[in-house]
Amino acid sequence: AAEFQVTSPTIKDQSTIGNEHVFNGFGCTGGNLSPELRWDHAPKDTKSFAVTVYDPDAPTGSGWWHWLIFNIAPSVTHLPAGAGQPESAGAPQGSIQSVTDFGQPGFGGPCPPPGDKPHRYIFTVFALKVDQLPLKKEASGAMVGYYLNQNAIGKASFTGTYGRQANNHQNSVREQTMSLDAELGKTMLQLITSRYEDRHWRKKIEKTLGLPQS
C-alpha cells in the first residue's frame with residue numbers, strides 16, 4: 001500500500017520557509033499565510049483529520065505550537081493557502097482551530113529569536129479513529145496534542161526550516177561602545193603618562209592609585 005503523505009507546493013521537505021508564511025510580529029514582517037497542504041493514502045478507517053505545526057527548537061522547554069486545526073471531515077484531503085485564518089472561508093466546515101502559543105487560534109508563522117540556528121517547523125496531518133475530539137478552541141496545544149496521539153491511526157509530516165540573523169544594529173552599537181571605551185582608556189593613559197612627568201601630579205596619581213610615593 002502507498003504511504004500516507006502530506007505535501008505543500010510552497011514548502012518542500014527540509015527547505016527554508018518563504019517570507020509569505022513567516023509571522024507578522026515579534027520583530028518579523030512576514031505574510032503570516034498558512035501554506036496550501038495536500039495529503040493522500042490515509043488509512044482507510046480514518047474518521048477525521050487534524051493538522052498541526054510545531055517548533056521543537058523554541059527556547060521554551062516545551063516547543064511552540066504554531067497551528068492546531070482538528071475535526072476535519074475524512075473526505076477532506078486538501079487545505080488551501082490561508083485556511084489558517086479562522087475568519088476566512090478556507091478552513092473545512094465544522095473544523096476547529098484552537099489556541100496556539102501565540103495566544104490566539106489560527107496559523108502563526110515562524111519567528112524564532114534572532115541569532116538562533118534555524119528552527120524546524122514540523123507540519124503533521126493526523127488520521128484519527130474518532131470523528132470529533134471533545135475539545136473547544138480554548139484548548140491548549142498540549143491538550144490537543146494528547147488527544148491526537150491517543151486517537152491517531154496514522155501520521156504524515158514534513159519539515160520546513162527558518163532562522164533569523166542576529167540584530168545587526170545591536171551588534172553595531174555594541175562594537176561602537178567597545179571602540180569608544182578603548183579610545184577613552186587610551187586617552188586617559190596618555191593623560192596620566194604626561195602628567196606623571198610633573199612632580200606635583202605624580203604625587204597625586206600615586207596617592208589615588210595607592211602606589212608607593214616616589
# chains A, B, ... in the order shown; residues from 1 in each chain; ligands from 1

$ select_by_dssp --residues "stretch 4-197 of chain A" --states "alpha helix (DSSP H)" --output "MDAnalysis selection string"
chainID A and resid 141:151 168:196

$ residues_around --residues "stretch 20-23 of chain A" --least-positions-apart "6" --cutoff "7 Å" --atoms "only C-alpha atoms" --output "list in words"
Thr29, Gly30, Gly31, Asn32, Leu33, Ser34, Pro35, Gly108, Gly109, Pro110 and Cys111 of chain A

$ closest_residue --among "A:Asn167, A:Asn71, A:Asn151, A:Thr77" --to "A:Gln132" --atoms "only C-alpha atoms"
A:Asn71

$ residues_around --residues "stretch 39-55 of chain A" --least-positions-apart "5" --cutoff "8 Å" --atoms "only C-alpha atoms" --output "PyMOL selection string"
chain A and resi 2-7+63-74+77-78+119-132+148+153-154

$ atom_distance --atom1 "atom CA of A:Thr161" --atom2 "atom CA of A:Asp101"
18.2 Å

$ select_by_dssp --residues "stretch 3-128 of chain A" --states "strand (DSSP E or B)" --output "ChimeraX atom specification"
/A:5-7,15-16,24-25,28-29,37-40,48-55,64-72,78-79,96-97,99,105,119-128

$ write_last_selection --atoms "C-alpha atoms" --output "PDB file, in the first residue's frame"
ATOM      1  CA  GLN A   5       1.939  11.521   2.945  1.00  0.00           C
ATOM      2  CA  VAL A   6       1.440  15.278   3.080  1.00  0.00           C
ATOM      3  CA  THR A   7       2.997  17.877   0.777  1.00  0.00           C
ATOM      4  CA  SER A  15      13.676  23.541   2.775  1.00  0.00           C
ATOM      5  CA  THR A  16      13.606  27.136   4.047  1.00  0.00           C
ATOM      6  CA  ASN A  24       3.969  39.278  11.320  1.00  0.00           C
ATOM      7  CA  GLY A  25       5.019  40.495  14.785  1.00  0.00           C
ATOM      8  CA  CYS A  28       9.150  39.569  11.997  1.00  0.00           C
ATOM      9  CA  THR A  29       7.401  41.106   8.993  1.00  0.00           C
ATOM     10  CA  LEU A  37      -1.435  21.387   2.127  1.00  0.00           C
ATOM     11  CA  ARG A  38      -2.415  18.178   0.323  1.00  0.00           C
ATOM     12  CA  TRP A  39      -2.422  14.647   1.679  1.00  0.00           C
ATOM     13  CA  ASP A  40      -3.250  11.233   0.310  1.00  0.00           C
ATOM     14  CA  SER A  48     -11.349  12.604  10.865  1.00  0.00           C
ATOM     15  CA  PHE A  49      -8.132  14.528  10.296  1.00  0.00           C
ATOM     16  CA  ALA A  50      -6.171  17.113  12.257  1.00  0.00           C
ATOM     17  CA  VAL A  51      -3.249  19.321  11.208  1.00  0.00           C
ATOM     18  CA  THR A  52      -0.555  20.759  13.459  1.00  0.00           C
ATOM     19  CA  VAL A  53       2.561  22.880  13.027  1.00  0.00           C
ATOM     20  CA  TYR A  54       5.100  22.566  15.835  1.00  0.00           C
ATOM     21  CA  ASP A  55       8.559  24.022  16.501  1.00  0.00           C
ATOM     22  CA  TRP A  64       5.965  26.100  20.300  1.00  0.00           C
ATOM     23  CA  TRP A  65       2.596  25.285  18.722  1.00  0.00           C
ATOM     24  CA  HIS A  66       2.092  27.354  15.556  1.00  0.00           C
ATOM     25  CA  TRP A  67      -1.153  25.834  14.291  1.00  0.00           C
ATOM     26  CA  LEU A  68      -3.763  23.343  15.501  1.00  0.00           C
ATOM     27  CA  ILE A  69      -6.836  22.520  13.442  1.00  0.00           C
ATOM     28  CA  PHE A  70      -8.948  19.413  14.107  1.00  0.00           C
ATOM     29  CA  ASN A  71     -12.374  17.831  13.437  1.00  0.00           C
ATOM     30  CA  ILE A  72     -11.630  17.876   9.707  1.00  0.00           C
ATOM     31  CA  HIS A  78      -6.603  19.489   0.976  1.00  0.00           C
ATOM     32  CA  LEU A  79      -6.291  22.803   2.834  1.00  0.00           C
ATOM     33  CA  ILE A  96     -11.946  23.850  14.964  1.00  0.00           C
ATOM     34  CA  GLN A  97      -8.773  25.926  15.149  1.00  0.00           C
ATOM     35  CA  VAL A  99      -5.285  28.466  20.581  1.00  0.00           C
ATOM     36  CA  PRO A 105      -6.453  30.467  17.344  1.00  0.00           C
ATOM     37  CA  HIS A 119      14.396  26.218  13.795  1.00  0.00           C
ATOM     38  CA  ARG A 120      12.463  23.208  12.475  1.00  0.00           C
ATOM     39  CA  TYR A 121       8.739  23.574  11.786  1.00  0.00           C
ATOM     40  CA  ILE A 122       7.024  20.187  11.617  1.00  0.00           C
ATOM     41  CA  PHE A 123       3.785  20.098   9.587  1.00  0.00           C
ATOM     42  CA  THR A 124       1.796  16.980  10.543  1.00  0.00           C
ATOM     43  CA  VAL A 125      -1.512  15.540   9.378  1.00  0.00           C
ATOM     44  CA  PHE A 126      -3.061  13.101  11.850  1.00  0.00           C
ATOM     45  CA  ALA A 127      -5.504  10.438  10.697  1.00  0.00           C
ATOM     46  CA  LEU A 128      -7.823   9.770  13.650  1.00  0.00           C
TER      47      LEU A 128
END

$ atom_distance --atom1 "atom CA of A:Ile11" --atom2 "atom CA of A:Gly145"
23.0 Å

$ residues_around --residues "A:Met143" --least-positions-apart "5" --cutoff "12 Å" --atoms "only C-alpha atoms" --output "list of chain:residue names"
A:Trp65, A:Leu68, A:Ser98, A:Val99, A:Thr100, A:Leu133, A:Pro134, A:Leu135, A:Lys136, A:Lys137, A:Glu138, A:Leu148, A:Asn149, A:Gln150

$ atom_distance --atom1 "atom CA of A:Phe102" --atom2 "atom CA of A:Phe26"
10.2 Å

$ decode --residues "stretch 143-168 of chain A" --atoms "N, CA and C atoms" --output "mmCIF file, in the first residue's frame"
data_model
loop_
_atom_site.group_PDB
_atom_site.id
_atom_site.type_symbol
_atom_site.label_atom_id
_atom_site.label_comp_id
_atom_site.auth_asym_id
_atom_site.auth_seq_id
_atom_site.Cartn_x
_atom_site.Cartn_y
_atom_site.Cartn_z
ATOM 1 N N MET A 143 -2.965 19.879 25.351
ATOM 2 C CA MET A 143 -4.201 19.099 25.482
ATOM 3 C C MET A 143 -4.616 18.514 24.130
ATOM 4 N N VAL A 144 -4.555 19.336 23.091
ATOM 5 C CA VAL A 144 -4.885 18.857 21.744
ATOM 6 C C VAL A 144 -3.901 17.758 21.336
ATOM 7 N N GLY A 145 -2.609 17.991 21.588
ATOM 8 C CA GLY A 145 -1.587 17.005 21.264
ATOM 9 C C GLY A 145 -1.832 15.670 21.953
ATOM 10 N N TYR A 146 -2.286 15.723 23.195
ATOM 11 C CA TYR A 146 -2.579 14.494 23.948
ATOM 12 C C TYR A 146 -3.683 13.696 23.257
ATOM 13 N N TYR A 147 -4.790 14.377 22.919
ATOM 14 C CA TYR A 147 -5.913 13.696 22.273
ATOM 15 C C TYR A 147 -5.537 13.178 20.880
ATOM 16 N N LEU A 148 -4.710 13.933 20.163
ATOM 17 C CA LEU A 148 -4.292 13.484 18.836
ATOM 18 C C LEU A 148 -3.491 12.189 18.930
ATOM 19 N N ASN A 149 -2.546 12.160 19.847
ATOM 20 C CA ASN A 149 -1.703 10.965 19.974
ATOM 21 C C ASN A 149 -2.472 9.760 20.521
ATOM 22 N N GLN A 150 -3.501 10.014 21.324
ATOM 23 C CA GLN A 150 -4.331 8.921 21.839
ATOM 24 C C GLN A 150 -5.206 8.305 20.743
ATOM 25 N N ASN A 151 -5.535 9.095 19.736
ATOM 26 C CA ASN A 151 -6.516 8.658 18.730
ATOM 27 C C ASN A 151 -5.955 8.487 17.322
ATOM 28 N N ALA A 152 -4.656 8.685 17.157
ATOM 29 C CA ALA A 152 -4.056 8.610 15.820
ATOM 30 C C ALA A 152 -3.934 7.165 15.340
ATOM 31 N N ILE A 153 -4.330 6.943 14.087
ATOM 32 C CA ILE A 153 -4.087 5.639 13.448
ATOM 33 C C ILE A 153 -3.078 5.798 12.302
ATOM 34 N N GLY A 154 -2.665 7.052 12.078
ATOM 35 C CA GLY A 154 -1.653 7.313 11.069
ATOM 36 C C GLY A 154 -1.203 8.760 11.144
ATOM 37 N N LYS A 155 0.028 9.006 10.739
ATOM 38 C CA LYS A 155 0.579 10.374 10.737
ATOM 39 C C LYS A 155 1.426 10.567 9.497
ATOM 40 N N ALA A 156 1.363 11.755 8.927
ATOM 41 C CA ALA A 156 2.227 12.106 7.796
ATOM 42 C C ALA A 156 2.777 13.498 8.071
ATOM 43 N N SER A 157 4.050 13.714 7.787
ATOM 44 C CA SER A 157 4.617 15.024 8.100
ATOM 45 C C SER A 157 5.754 15.396 7.160
ATOM 46 N N PHE A 158 6.053 16.681 7.137
ATOM 47 C CA PHE A 158 7.271 17.194 6.505
ATOM 48 C C PHE A 158 7.761 18.350 7.360
ATOM 49 N N THR A 159 9.007 18.739 7.160
ATOM 50 C CA THR A 159 9.628 19.772 7.994
ATOM 51 C C THR A 159 10.184 20.912 7.139
ATOM 52 N N GLY A 160 9.816 22.127 7.497
ATOM 53 C CA GLY A 160 10.422 23.322 6.910
ATOM 54 C C GLY A 160 11.320 23.959 7.950
ATOM 55 N N THR A 161 12.260 24.787 7.523
ATOM 56 C CA THR A 161 13.166 25.453 8.469
ATOM 57 C C THR A 161 13.131 26.966 8.268
ATOM 58 N N TYR A 162 13.469 27.682 9.335
ATOM 59 C CA TYR A 162 13.541 29.148 9.237
ATOM 60 C C TYR A 162 14.408 29.694 10.358
ATOM 61 N N GLY A 163 15.280 30.649 10.026
ATOM 62 C CA GLY A 163 16.131 31.303 11.020
ATOM 63 C C GLY A 163 16.243 32.789 10.726
ATOM 64 N N ARG A 164 16.606 33.533 11.755
ATOM 65 C CA ARG A 164 16.816 34.986 11.596
ATOM 66 C C ARG A 164 18.231 35.350 12.022
ATOM 67 N N GLN A 165 18.853 36.255 11.283
ATOM 68 C CA GLN A 165 20.196 36.702 11.649
ATOM 69 C C GLN A 165 20.138 37.532 12.925
ATOM 70 N N ALA A 166 21.260 37.572 13.625
ATOM 71 C CA ALA A 166 21.346 38.410 14.832
ATOM 72 C C ALA A 166 21.088 39.855 14.439
ATOM 73 N N ASN A 167 20.552 40.618 15.380
ATOM 74 C CA ASN A 167 20.235 42.021 15.130
ATOM 75 C C ASN A 167 21.512 42.819 14.868
ATOM 76 N N ASN A 168 21.707 43.208 13.619
ATOM 77 C CA ASN A 168 22.940 43.898 13.226
ATOM 78 C C ASN A 168 23.083 45.268 13.884
#
